[in-house]
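Asks: What follows is data-v2.cif, made up of mmCIF, C-alpha atoms:
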```cif
data_start
loop_
_atom_site.label_atom_id
_atom_site.label_comp_id
_atom_site.auth_asym_id
_atom_site.auth_seq_id
_atom_site.Cartn_x
_atom_site.Cartn_y
_atom_site.Cartn_z
CA ASN A 1 -18.30 46.22 -18.47
CA GLY A 2 -15.79 46.24 -21.32
CA GLN A 3 -12.88 46.91 -18.95
CA ILE A 4 -11.03 43.68 -19.79
CA GLU A 5 -9.73 42.63 -23.22
CA PHE A 6 -7.93 39.38 -24.10
CA THR A 7 -5.77 38.47 -27.08
CA THR A 8 -3.21 35.77 -27.91
CA PHE A 9 0.03 36.50 -29.74
CA HIS A 10 1.33 34.13 -32.41
CA GLN A 11 3.89 34.13 -35.21
CA SER A 12 1.54 35.80 -37.71
CA TYR A 13 0.15 38.44 -35.31
CA SER A 14 0.90 41.92 -36.65
CA TYR A 15 0.90 45.66 -35.99
CA GLU A 16 -2.17 45.96 -38.22
CA GLU A 17 -4.17 43.70 -35.91
CA PHE A 18 -2.85 45.26 -32.70
CA ILE A 19 -2.71 49.00 -33.50
CA GLU A 20 -4.20 49.83 -36.90
CA GLY A 21 -4.01 48.77 -40.52
CA ILE A 22 -5.49 49.16 -43.99
CA LYS A 23 -8.04 46.48 -44.82
CA PRO A 24 -10.29 45.77 -47.82
CA LYS A 25 -14.01 46.56 -47.74
CA ILE A 26 -16.67 45.39 -50.19
CA LEU A 27 -19.07 48.23 -50.98
CA SER A 28 -22.83 47.76 -50.92
CA GLY A 29 -23.44 50.16 -53.81
CA GLU A 30 -25.20 52.74 -51.62
CA GLU A 31 -22.05 54.82 -51.24
CA PRO A 32 -21.57 57.81 -53.59
CA ASP A 33 -19.91 57.01 -56.94
CA SER A 34 -19.65 53.29 -56.15
CA GLU A 35 -20.91 50.01 -57.53
CA ARG A 36 -22.14 46.99 -55.58
CA GLY A 37 -19.28 44.54 -54.95
CA GLU A 38 -16.56 47.11 -55.59
CA VAL A 39 -13.54 46.72 -53.32
CA THR A 40 -12.11 49.71 -51.51
CA TYR A 41 -9.74 50.06 -48.59
CA GLU A 42 -10.24 51.61 -45.16
CA ILE A 43 -8.13 52.27 -42.08
CA VAL A 44 -9.27 49.95 -39.29
CA PRO A 45 -8.15 50.36 -35.64
CA GLY A 46 -6.58 47.33 -33.98
CA VAL A 47 -7.65 45.66 -30.78
CA PHE A 48 -5.28 47.60 -28.48
CA LYS A 49 -6.03 51.00 -30.04
CA ARG A 50 -9.78 50.40 -29.62
CA PHE A 51 -9.15 49.39 -26.02
CA CYS A 52 -7.15 52.56 -25.27
CA ASP A 53 -9.89 54.67 -26.87
CA ARG A 54 -12.40 52.93 -24.60
CA ALA A 55 -10.27 53.60 -21.52
CA ARG A 56 -10.00 57.30 -22.42
CA LYS A 57 -13.70 57.70 -23.19
CA PRO A 58 -15.25 59.99 -20.56
CA ILE A 59 -18.14 58.74 -18.48
CA VAL A 60 -21.46 60.42 -19.15
CA GLN A 61 -23.69 60.66 -16.09
CA SER A 62 -27.06 59.05 -16.74
CA HIS A 63 -30.19 61.24 -16.63
CA ASN A 64 -28.12 64.41 -17.06
CA ASP A 65 -29.76 67.79 -17.68
CA TYR A 66 -28.01 68.21 -21.05
CA GLY A 67 -29.56 65.08 -22.62
CA ILE A 68 -26.23 63.47 -23.60
CA ARG A 69 -26.58 59.70 -23.98
CA ARG A 70 -24.02 57.27 -22.56
CA GLU A 71 -22.04 56.64 -25.77
CA PRO A 72 -22.95 59.43 -28.17
CA THR A 73 -21.98 59.57 -31.82
CA ILE A 74 -20.12 62.75 -32.80
CA TRP A 75 -21.60 64.39 -35.91
CA LYS A 76 -20.43 67.30 -38.05
CA VAL A 77 -23.37 69.39 -39.28
CA SER A 78 -23.41 72.33 -41.72
CA LEU A 79 -26.19 74.84 -41.09
CA GLY A 80 -26.85 76.67 -44.35
CA GLY A 81 -23.18 76.44 -45.31
CA SER A 82 -20.16 77.96 -43.59
CA LYS A 83 -19.46 81.16 -41.65
CA GLU A 84 -22.36 83.29 -40.39
CA ASN A 85 -25.70 82.95 -42.24
CA PRO A 86 -29.46 83.30 -41.53
CA ILE A 87 -30.11 79.54 -41.29
CA LYS A 88 -27.40 79.11 -38.68
CA ARG A 89 -28.59 82.13 -36.68
CA ASP A 90 -32.16 80.79 -36.66
CA CYS A 91 -30.89 77.43 -35.37
CA PHE A 92 -28.81 79.07 -32.63
CA ASN A 93 -31.75 81.20 -31.53
CA ASN A 94 -34.38 78.47 -31.62
CA GLY A 95 -32.47 75.43 -30.36
CA ARG A 96 -32.44 73.29 -33.48
CA ILE A 97 -30.51 72.11 -36.53
CA ARG A 98 -31.87 72.22 -40.10
CA ILE A 99 -30.98 70.68 -43.46
CA GLY A 100 -32.57 70.93 -46.93
CA TRP A 101 -33.47 68.64 -49.85
CA ASP A 102 -37.02 69.95 -49.44
CA ALA A 103 -37.96 68.86 -52.98
CA TYR A 104 -38.29 65.25 -51.79
CA GLY A 105 -41.03 66.21 -49.35
CA GLU A 106 -41.42 65.31 -45.70
CA THR A 107 -41.03 61.54 -46.09
CA VAL A 108 -38.32 59.69 -47.98
CA ASN A 109 -38.17 55.93 -48.47
CA GLU A 110 -36.73 53.20 -50.69
CA GLU A 111 -38.87 54.37 -53.61
CA THR A 112 -37.52 57.94 -53.53
CA ASP A 113 -35.61 58.85 -56.70
CA TYR A 114 -32.36 60.58 -55.67
CA SER A 115 -30.85 60.72 -59.16
CA LYS A 116 -31.63 64.39 -59.72
CA HIS A 117 -30.71 66.06 -56.43
CA GLY A 118 -28.68 63.43 -54.55
CA GLY A 119 -28.47 63.55 -50.75
CA LYS A 120 -29.53 59.96 -50.05
CA LEU A 121 -26.84 59.22 -47.45
CA ILE A 122 -27.14 62.62 -45.76
CA LEU A 123 -30.91 62.27 -45.36
CA SER A 124 -30.52 58.74 -44.02
CA ARG A 125 -28.02 59.94 -41.43
CA PHE A 126 -30.14 62.90 -40.35
CA ILE A 127 -33.50 61.09 -40.26
CA ASN A 128 -32.65 57.49 -39.33
CA GLU A 129 -29.15 57.22 -37.88
CA MET A 130 -28.82 60.33 -35.72
CA ARG A 131 -30.15 59.59 -32.23
CA LYS A 132 -31.32 61.66 -29.29
CA GLY A 133 -28.31 62.23 -27.06
CA ASP A 134 -25.79 62.44 -29.92
CA ILE A 135 -23.42 65.42 -30.14
CA VAL A 136 -23.25 67.78 -33.12
CA LEU A 137 -20.31 70.03 -34.03
CA ILE A 138 -21.30 72.91 -36.30
CA LEU A 139 -19.10 73.90 -39.25
CA TYR A 140 -17.70 77.46 -39.35
CA ASP A 141 -15.00 76.83 -41.93
CA GLU A 142 -12.91 73.89 -43.09
CA GLU A 143 -10.83 73.88 -39.89
CA THR A 144 -13.12 75.47 -37.31
CA ILE A 145 -16.40 74.84 -35.53
CA ASP A 146 -18.55 77.55 -33.93
CA ALA A 147 -21.01 75.53 -31.79
CA ILE A 148 -21.51 72.24 -29.96
CA GLY A 149 -24.96 70.84 -29.22
CA VAL A 150 -26.83 67.75 -28.04
CA VAL A 151 -29.63 66.29 -30.16
CA THR A 152 -32.76 66.25 -27.99
CA GLY A 153 -35.53 65.59 -30.52
CA GLU A 154 -36.58 63.26 -33.31
CA TYR A 155 -36.77 64.27 -36.97
CA GLU A 156 -39.36 66.97 -37.72
CA TRP A 157 -40.72 68.60 -40.90
CA LEU A 158 -41.25 72.35 -40.37
CA GLU A 159 -43.92 73.18 -42.94
CA HIS A 160 -44.11 76.87 -42.02
CA LEU A 161 -40.51 77.53 -43.11
CA ASP A 162 -39.61 78.50 -46.66
CA GLU A 163 -36.52 76.25 -46.89
CA TYR A 164 -34.38 73.84 -44.88
CA LYS A 165 -37.53 72.31 -43.45
CA ARG A 166 -35.96 69.17 -42.02
CA SER A 167 -35.15 69.79 -38.38
CA ARG A 168 -34.16 68.29 -35.04
CA LYS A 169 -34.28 69.97 -31.63
CA VAL A 170 -30.86 70.64 -30.10
CA ASN A 171 -29.66 71.75 -26.69
CA TRP A 172 -26.72 74.08 -27.39
CA LEU A 173 -23.84 73.52 -24.95
CA VAL A 174 -21.73 76.30 -26.46
CA LYS A 175 -22.29 78.54 -29.50
CA ASP A 176 -20.65 81.46 -31.26
CA ILE A 177 -17.20 80.09 -30.48
CA ARG A 178 -14.18 79.58 -32.71
CA GLU A 179 -12.48 76.24 -32.08
CA ASN A 180 -9.93 74.82 -34.51
CA ILE A 181 -10.35 71.03 -34.66
CA LEU A 182 -8.04 70.29 -37.61
CA GLU A 183 -5.49 68.37 -35.55
CA LEU A 184 -8.18 66.50 -33.61
CA ASN A 185 -9.64 65.45 -36.95
CA GLY A 186 -6.37 63.92 -38.09
CA ASN A 187 -5.40 67.04 -40.09
CA THR A 188 -8.39 66.38 -42.34
CA VAL A 189 -10.40 69.47 -43.25
CA LEU A 190 -14.15 69.64 -42.73
CA THR A 191 -16.20 69.44 -45.92
CA GLN A 192 -19.41 71.19 -46.87
CA GLY A 193 -21.31 67.88 -46.65
CA ALA A 194 -24.33 68.62 -44.49
CA VAL A 195 -24.13 65.66 -42.06
CA TYR A 196 -21.48 63.01 -41.42
CA ARG A 197 -19.80 61.23 -38.53
CA LEU A 198 -16.52 62.55 -37.13
CA ASN A 199 -14.95 59.17 -36.41
CA ARG A 200 -11.56 60.62 -35.53
CA ILE A 201 -12.93 62.91 -32.84
CA THR A 202 -13.77 61.28 -29.52
CA LEU A 203 -16.02 62.26 -26.65
CA SER A 204 -12.82 62.99 -24.71
CA ASP A 205 -11.85 65.56 -27.36
CA VAL A 206 -15.28 67.17 -27.12
CA LEU A 207 -14.96 67.29 -23.32
CA SER A 208 -11.63 69.12 -23.64
CA ILE A 209 -13.26 71.78 -25.84
CA LEU A 210 -16.25 72.12 -23.52
CA GLN A 211 -14.04 72.51 -20.46
CA ARG A 212 -12.35 75.45 -22.12
CA GLN A 213 -15.65 77.02 -23.18
CA ASN A 214 -18.20 75.90 -20.57
CA ASP A 215 -16.85 74.32 -17.40
CA HIS A 216 -20.36 73.46 -16.13
CA VAL A 217 -20.50 70.47 -18.49
CA SER A 218 -17.65 68.82 -16.56
CA SER A 219 -20.15 67.70 -13.92
CA VAL A 220 -21.97 65.65 -16.58
CA ILE A 221 -19.05 64.38 -18.69
CA GLN A 222 -16.38 63.17 -16.29
CA LYS A 223 -12.92 61.76 -16.84
CA ASN A 224 -12.84 57.97 -16.88
CA GLU A 225 -11.12 56.87 -13.66
CA ASN A 226 -11.94 53.16 -14.05
CA ASN A 227 -9.10 50.65 -14.41
CA TYR A 228 -8.79 48.74 -17.68
CA VAL A 229 -6.85 45.48 -18.05
CA PHE A 230 -5.46 44.25 -21.36
CA ILE A 231 -4.33 40.60 -21.21
CA ILE A 232 -1.84 39.20 -23.73
CA ASP A 233 -1.50 35.42 -23.65
CA GLU A 234 1.65 33.76 -25.05
CA ILE A 235 3.39 37.14 -25.43
CA ASN A 236 6.74 35.52 -26.22
CA ARG A 237 5.32 33.81 -29.33
CA GLY A 238 4.82 37.12 -31.19
CA ASN A 239 7.31 39.41 -32.90
CA ILE A 240 7.23 42.14 -30.24
CA SER A 241 9.00 44.87 -32.23
CA LYS A 242 6.68 44.31 -35.18
CA ILE A 243 3.47 44.15 -33.13
CA PHE A 244 4.02 47.05 -30.73
CA GLY A 245 5.81 49.45 -33.07
CA GLU A 246 5.93 52.93 -31.51
CA LEU A 247 3.82 51.74 -28.57
CA ILE A 248 6.86 50.08 -27.04
CA THR A 249 7.69 53.57 -25.76
CA LEU A 250 4.15 54.69 -24.97
CA ILE A 251 3.44 51.81 -22.55
CA GLU A 252 6.10 53.05 -20.12
CA PRO A 253 4.39 54.29 -16.93
CA THR A 254 6.07 57.70 -17.02
CA LYS A 255 5.02 58.34 -20.62
CA ARG A 256 1.33 57.56 -20.26
CA ILE A 257 -1.40 60.14 -20.88
CA GLY A 258 -1.76 62.30 -17.78
CA MET A 259 1.80 61.70 -16.55
CA PRO A 260 4.52 64.40 -16.42
CA GLU A 261 6.44 62.88 -19.36
CA GLU A 262 3.30 62.22 -21.42
CA ILE A 263 4.02 61.31 -25.05
CA ARG A 264 1.68 60.95 -28.02
CA VAL A 265 2.81 59.84 -31.45
CA LYS A 266 1.21 60.13 -34.88
CA LEU A 267 0.09 56.81 -36.34
CA PRO A 268 1.40 56.03 -39.83
CA TYR A 269 -1.93 55.22 -41.51
CA SER A 270 -4.60 57.41 -39.92
CA GLN A 271 -2.21 60.20 -38.86
CA GLU A 272 -4.07 60.27 -35.53
CA LEU A 273 -2.24 61.11 -32.33
CA ILE A 274 -2.20 58.18 -29.93
CA GLY A 275 -1.12 57.75 -26.34
CA VAL A 276 -1.69 55.06 -23.73
CA PRO A 277 -3.94 56.16 -20.83
CA ASN A 278 -2.54 55.73 -17.33
CA ASN A 279 -5.61 53.68 -16.33
CA VAL A 280 -4.65 50.86 -18.73
CA TYR A 281 -2.82 47.89 -17.22
CA LEU A 282 -1.05 45.30 -19.37
CA LEU A 283 -0.87 41.73 -18.13
CA ALA A 284 1.07 39.19 -20.19
CA THR A 285 1.57 35.46 -19.77
CA MET A 286 4.19 33.13 -21.16
CA ASN A 287 5.40 29.63 -20.49
CA THR A 288 9.04 29.63 -19.44
CA ALA A 289 9.42 26.10 -20.81
CA ASP A 290 8.98 27.47 -24.34
CA ARG A 291 12.24 27.68 -26.24
CA SER A 292 11.21 31.08 -27.60
CA ILE A 293 11.57 32.61 -24.13
CA ALA A 294 15.27 33.20 -24.77
CA ARG A 295 14.37 35.48 -27.67
CA LEU A 296 12.01 37.73 -25.71
CA ASP A 297 12.59 41.33 -26.79
CA THR A 298 14.94 43.07 -24.35
CA ALA A 299 13.03 46.35 -24.76
CA LEU A 300 9.88 44.59 -23.64
CA ARG A 301 11.63 43.07 -20.62
CA ARG A 302 12.58 46.57 -19.41
CA ARG A 303 8.95 47.69 -19.49
CA PHE A 304 7.42 44.82 -17.53
CA SER A 305 7.92 43.49 -14.05
CA PHE A 306 7.91 39.70 -13.81
CA ALA A 307 6.04 37.44 -11.40
CA GLU A 308 6.84 33.74 -11.36
CA MET A 309 3.78 31.48 -11.27
CA MET A 310 4.98 27.98 -10.39
CA PRO A 311 2.65 24.97 -10.05
CA ASP A 312 0.65 25.18 -6.82
CA PRO A 313 -0.22 21.70 -5.48
CA GLY A 314 -2.09 23.46 -2.65
CA CYS A 315 -4.89 24.13 -5.16
CA LEU A 316 -5.59 20.40 -5.20
CA ALA A 317 -7.28 18.29 -2.55
CA SER A 318 -7.58 14.59 -1.92
CA ILE A 319 -10.20 12.78 -3.96
CA GLU A 320 -11.97 9.52 -3.25
CA ILE A 321 -11.97 6.97 -6.05
CA ASP A 322 -13.70 3.63 -5.59
CA GLY A 323 -13.72 4.18 -1.83
CA GLU A 324 -9.98 4.94 -1.60
CA LEU A 325 -8.28 8.30 -1.09
CA LEU A 326 -5.75 9.71 -3.53
CA ASN A 327 -3.80 12.77 -2.37
CA LEU A 328 -3.45 14.75 -5.59
CA ALA A 329 -1.40 17.53 -3.96
CA VAL A 330 1.27 15.18 -2.62
CA MET A 331 1.30 13.17 -5.86
CA LEU A 332 1.90 16.29 -7.99
CA GLU A 333 4.48 17.71 -5.59
CA THR A 334 6.40 14.40 -5.61
CA MET A 335 6.39 14.19 -9.41
CA ASN A 336 7.54 17.80 -9.75
CA ARG A 337 10.40 17.37 -7.26
CA ARG A 338 11.63 14.44 -9.33
CA ILE A 339 11.29 16.39 -12.61
CA GLU A 340 13.25 19.28 -11.08
CA ALA A 341 16.02 16.88 -10.02
CA LEU A 342 16.14 15.03 -13.34
CA TYR A 343 15.51 17.94 -15.75
CA ASP A 344 14.89 21.49 -14.41
CA ARG A 345 12.31 23.54 -12.50
CA GLU A 346 10.93 25.16 -15.68
CA HIS A 347 9.35 21.90 -16.84
CA THR A 348 7.38 20.98 -13.74
CA ILE A 349 3.77 19.93 -14.33
CA GLY A 350 1.03 22.50 -13.73
CA HIS A 351 -1.75 21.86 -11.22
CA ALA A 352 -4.43 22.84 -13.78
CA TYR A 353 -4.15 19.41 -15.40
CA PHE A 354 -5.71 17.85 -12.30
CA LEU A 355 -8.47 20.35 -11.45
CA GLY A 356 -11.05 18.48 -13.52
CA LEU A 357 -10.72 15.47 -11.22
CA HIS A 358 -12.57 17.35 -8.47
CA ARG A 359 -15.62 17.57 -10.73
CA GLU A 360 -15.28 13.99 -11.97
CA PRO A 361 -13.30 11.88 -9.45
CA THR A 362 -13.25 8.63 -11.40
CA LEU A 363 -10.53 6.14 -12.26
CA LYS A 364 -11.50 6.45 -15.92
CA LYS A 365 -10.90 10.23 -15.86
CA LEU A 366 -7.59 9.81 -13.99
CA GLY A 367 -6.42 7.05 -16.34
CA HIS A 368 -7.27 9.14 -19.44
CA LEU A 369 -5.32 12.09 -17.98
CA PHE A 370 -2.17 10.02 -17.37
CA GLU A 371 -2.35 8.01 -20.60
CA HIS A 372 -3.05 10.91 -22.96
CA THR A 373 -1.55 13.94 -21.20
CA ILE A 374 0.94 13.29 -18.39
CA ILE A 375 2.92 10.43 -19.92
CA PRO A 376 3.11 12.03 -23.42
CA LEU A 377 4.36 15.22 -21.72
CA LEU A 378 7.06 13.25 -19.90
CA GLN A 379 7.97 11.47 -23.14
CA GLU A 380 8.60 14.88 -24.69
CA TYR A 381 10.64 16.08 -21.70
CA PHE A 382 12.77 12.92 -21.42
CA TYR A 383 13.00 11.96 -25.05
CA ASP A 384 14.39 8.43 -25.50
CA ASN A 385 15.07 8.06 -21.76
CA TYR A 386 12.30 5.93 -20.32
CA GLU A 387 14.24 5.19 -17.12
CA LYS A 388 13.81 8.84 -16.08
CA ILE A 389 10.10 8.68 -16.89
CA ARG A 390 9.84 5.58 -14.71
CA LEU A 391 11.60 7.42 -11.89
CA VAL A 392 9.17 10.34 -12.10
CA LEU A 393 6.20 7.94 -11.94
CA GLY A 394 7.76 5.86 -9.16
CA ASP A 395 7.65 2.71 -11.30
CA ASN A 396 10.99 1.60 -9.85
CA ASN A 397 9.25 1.01 -6.50
CA LYS A 398 6.15 -0.86 -7.75
CA PRO A 399 5.41 -4.45 -8.69
CA GLU A 400 5.36 -4.89 -12.46
CA THR A 401 1.55 -5.12 -12.64
CA GLU A 402 1.25 -1.58 -11.22
CA GLN A 403 4.00 0.04 -13.30
CA PHE A 404 2.93 2.52 -15.98
CA ILE A 405 6.05 1.73 -18.04
CA VAL A 406 7.29 -1.83 -17.93
CA VAL A 407 10.86 -2.95 -18.68
CA SER A 408 11.38 -6.08 -20.79
CA LYS A 409 14.72 -7.81 -21.40
CA VAL A 410 15.49 -8.76 -24.99
CA ASN A 411 17.43 -11.99 -25.52
CA ALA A 412 19.39 -11.21 -28.66
CA GLY A 413 20.16 -14.87 -29.43
CA GLU A 414 16.52 -15.91 -29.06
CA LEU A 415 15.32 -12.98 -31.19
CA PHE A 416 17.89 -13.08 -33.99
CA GLY A 417 19.19 -16.66 -33.86
CA ASN A 418 22.87 -17.34 -34.71
CA LEU A 419 24.91 -14.23 -33.85
CA SER A 420 28.38 -15.78 -34.15
CA ASP A 421 29.44 -13.19 -36.70
CA VAL A 422 27.66 -10.25 -35.03
CA ASP A 423 28.60 -8.60 -31.76
CA LEU A 424 25.11 -7.92 -30.39
CA GLU A 425 24.45 -7.83 -26.68
CA ASP A 426 21.19 -8.40 -24.86
CA SER A 427 19.15 -5.17 -24.39
CA ILE A 428 15.96 -3.92 -22.82
CA THR A 429 12.76 -2.39 -24.23
CA TYR A 430 9.97 -0.39 -22.66
CA ARG A 431 6.22 -0.60 -23.14
CA ILE A 432 3.29 1.26 -21.63
CA ASN A 433 1.25 -0.96 -19.33
CA ARG A 434 -2.32 0.15 -19.97
CA ALA A 435 -3.62 -2.13 -17.24
CA ALA A 436 -1.92 0.15 -14.68
CA PHE A 437 -4.19 3.08 -15.59
CA SER A 438 -7.16 1.26 -14.04
CA GLN A 439 -5.46 0.53 -10.69
CA ILE A 440 -5.60 3.13 -7.90
CA ALA A 441 -2.45 1.66 -6.37
CA SER A 442 -0.45 2.68 -9.46
CA TYR A 443 -1.17 6.33 -8.64
CA ARG A 444 -0.84 6.18 -4.86
CA LYS A 445 2.57 4.53 -5.10
CA ILE A 446 3.87 7.48 -7.08
CA TYR A 447 4.23 9.24 -3.72
CA ASN A 448 3.77 6.48 -1.14
CA HIS A 449 5.89 3.59 -2.33
CA ASN A 450 6.32 2.27 1.24
CA ARG A 451 2.57 1.51 1.57
CA LEU A 452 1.81 -2.22 1.92
CA GLU A 453 -1.14 -3.52 -0.08
#
```
Write out the structure in this file as structure tokens.
Replies:
Amino acid sequence: NGQIEFTTFHQSYSYEEFIEGIKPKILSGEEPDSERGEVTYEIVPGVFKRFCDRARKPIVQSHNDYGIRREPTIWKVSLGGSKENPIKRDCFNNGRIRIGWDAYGETVNEETDYSKHGGKLILSRFINEMRKGDIVLILYDEETIDAIGVVTGEYEWLEHLDEYKRSRKVNWLVKDIRENILELNGNTVLTQGAVYRLNRITLSDVLSILQRQNDHVSSVIQKNENNYVFIIDEINRGNISKIFGELITLIEPTKRIGMPEEIRVKLPYSQELIGVPNNVYLLATMNTADRSIARLDTALRRRFSFAEMMPDPGCLASIEIDGELLNLAVMLETMNRRIEALYDREHTIGHAYFLGLHREPTLKKLGHLFEHTIIPLLQEYFYDNYEKIRLVLGDNNKPETEQFIVVSKVNAGELFGNLSDVDLEDSITYRINRAAFSQIASYRKIYNHNRLE
């Protein structure tokens, strides 16, 4: 339902990706005063800002009497210009909106020549892009609107009118009001352009205006009470101060939107006011074995509670391989107790490594897991200390044929010959015994070394 979002932090993750940033855009050539392929720049919201906007977006009741669709686009429309005028009064009285460019006739298409009068984008928005159920805000002056309506009809050509013959039916929610929306629009004034999207103004903003002017609409557009969960994986791998910016304060529970100490801040690029809704929950994961954990931002630590998630052998069950049982839970628990004793509890092996064995309980799958995952992990943990790896795997209690890592003595004299002038003692080497990966006893004796075969 769009109530869960997932992202992964990394060293290059930035504020621009998380909150908002300026990014390049290649123009198609259909924009005013532009050429195809020209590069311009636009302010693009980041993943967390979009998520907060979604969590704040009011819920529109389906099949409502006002005709508002579930996720309406907010349009600014000029009716015959600004202030009071005959075109606007006709629209208010007859439940419609009207625009001009009558010289092109009722139908416009790709062959229409716009070079003389312009208006190509405005006509496209009004005829093709505007949908039934969208919301229109009517211009009064550059800072103020004087009506809010819902589009209820498709494009029409009103032949009986003298001018402004292009029309759409509208259900007026409120009219003849004076509502200053300059701040809601990011301190950007409204232009005389007949039709364009108000991307900075949300349905929540419209609801706030309507509640002040017409409380009956509140039964149709309701506050979003759903819970939203934003998941950040590997949170300790990102530069927290750089990524969160001012949001490090806004995520505090007491400073969320709707709370007594509610705070909103103005974003540096768009100049929009932003706050974090109190129905947004942040979940973050990190591996405590990572060395970067020590550098976790102290400000972030104060704003999160921590829950330890240690390996859970109880998630595993015994599996049958070649007619013999292998107790995965006991095997993992035994290995982890040894790792904790020889290294520390932060480097114990997670149970998720073994979950795939329940779907494919074969010796080949088990051998591949140990050869290419478990033993390389232990080699990293106990670098250059194969005796500890052998202890974790229980090789010290197995016959040599069942040991994963086999010890070999090196006879220095036999290997190097005459050592009369060199003080070199006999030593030992270690090698991985790949034959052990295909023997079920090699795995069982990790935890049950007293079993007689």
Asks: What would the list of residues within 12 Å of (-26.3, 64.3, -55.2) (file frame) look like as number ranges by chain, if all atoms listed in the file are what count?
Replies: A: 31-33, 101, 113-123, 193-194
Asks: So how many Å separate CA of Arg125 (chain A) and CA of Ile43 (chain A), to one decimal?
Replies: 21.3 Å
Asks: Here is a test: counting all atoms listed in the file, which residue of A:Asn185, A:Pro58, A:Val392, A:Lys364 is nearest to Leu377 (chain A)?
Replies: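 Checking each of A:Asn185, A:Pro58, A:Val392, A:Lys364 against Leu377 (chain A), counting all atoms listed in the file, the winner is A:Val392.
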Asks: On this file, the PyMOL selection byres ((chain A and resi 144) around 7) gives some set of residues; write that set as a VMD selection string.
Replies: chain A and resid 139 to 143 145 to 146 178 to 181
Asks: In terms of the shortest atom-to-atom distance over only C-alpha atoms, which of A:Val174, A:Gln11, A:Phe92, A:Val195 is closest to Ile209 (chain A)?
Replies: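 Between A:Val174, A:Gln11, A:Phe92, A:Val195, the residue approaching Ile209 (chain A) most closely is A:Val174.
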Asks: So, with only C-alpha atoms as the atoms that count, which of A:Leu378, A:Leu326, A:Leu27, A:Ile257 lies closest to Lys445 (chain A)?
Replies: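 Among A:Leu378, A:Leu326, A:Leu27, A:Ile257, it is A:Leu326 that comes nearest to Lys445 (chain A).
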Asks: When you count only C-alpha atoms, which of these residues is closest to Gln379 (chain A): A:Val276, A:Ile405, A:Arg70, A:Ser204?
Replies: A:Ile405
Asks: Could you work out how far CA of Leu247 (chain A) lies from CA of Pro268 (chain A), giving the answer in Å with one decimal?
Replies: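 Interatomic distance, CA of Pro268 (chain A) to CA of Leu247 (chain A): 12.3 Å.
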Asks: Would you translate the PyMOL selection byres ((chain A and resi 187) around 12) into the concrete set of residues it matches in this file, as a ChimeraX atom specification?
Replies: /A:142-144,180-186,188-190,200-201,266,270-273
Asks: Evaluate the PyMOL selection byres ((chain A and resi 428) around 6) here and jot the selected residues down as a list in words.
Replies: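 That selection, the PyMOL selection byres ((chain A and resi 428) around 6), comes back as Ser408, Lys409, Val410, Ser427 and Thr429 of chain A.
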Asks: Which is closest to Thr191 (chain A) among A:Arg131, A:Gly81, A:Gly67, A:Leu282, if we use all atoms listed in the file?
Replies: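 Of the candidates, the smallest distance to Thr191 (chain A) is held by A:Gly81.
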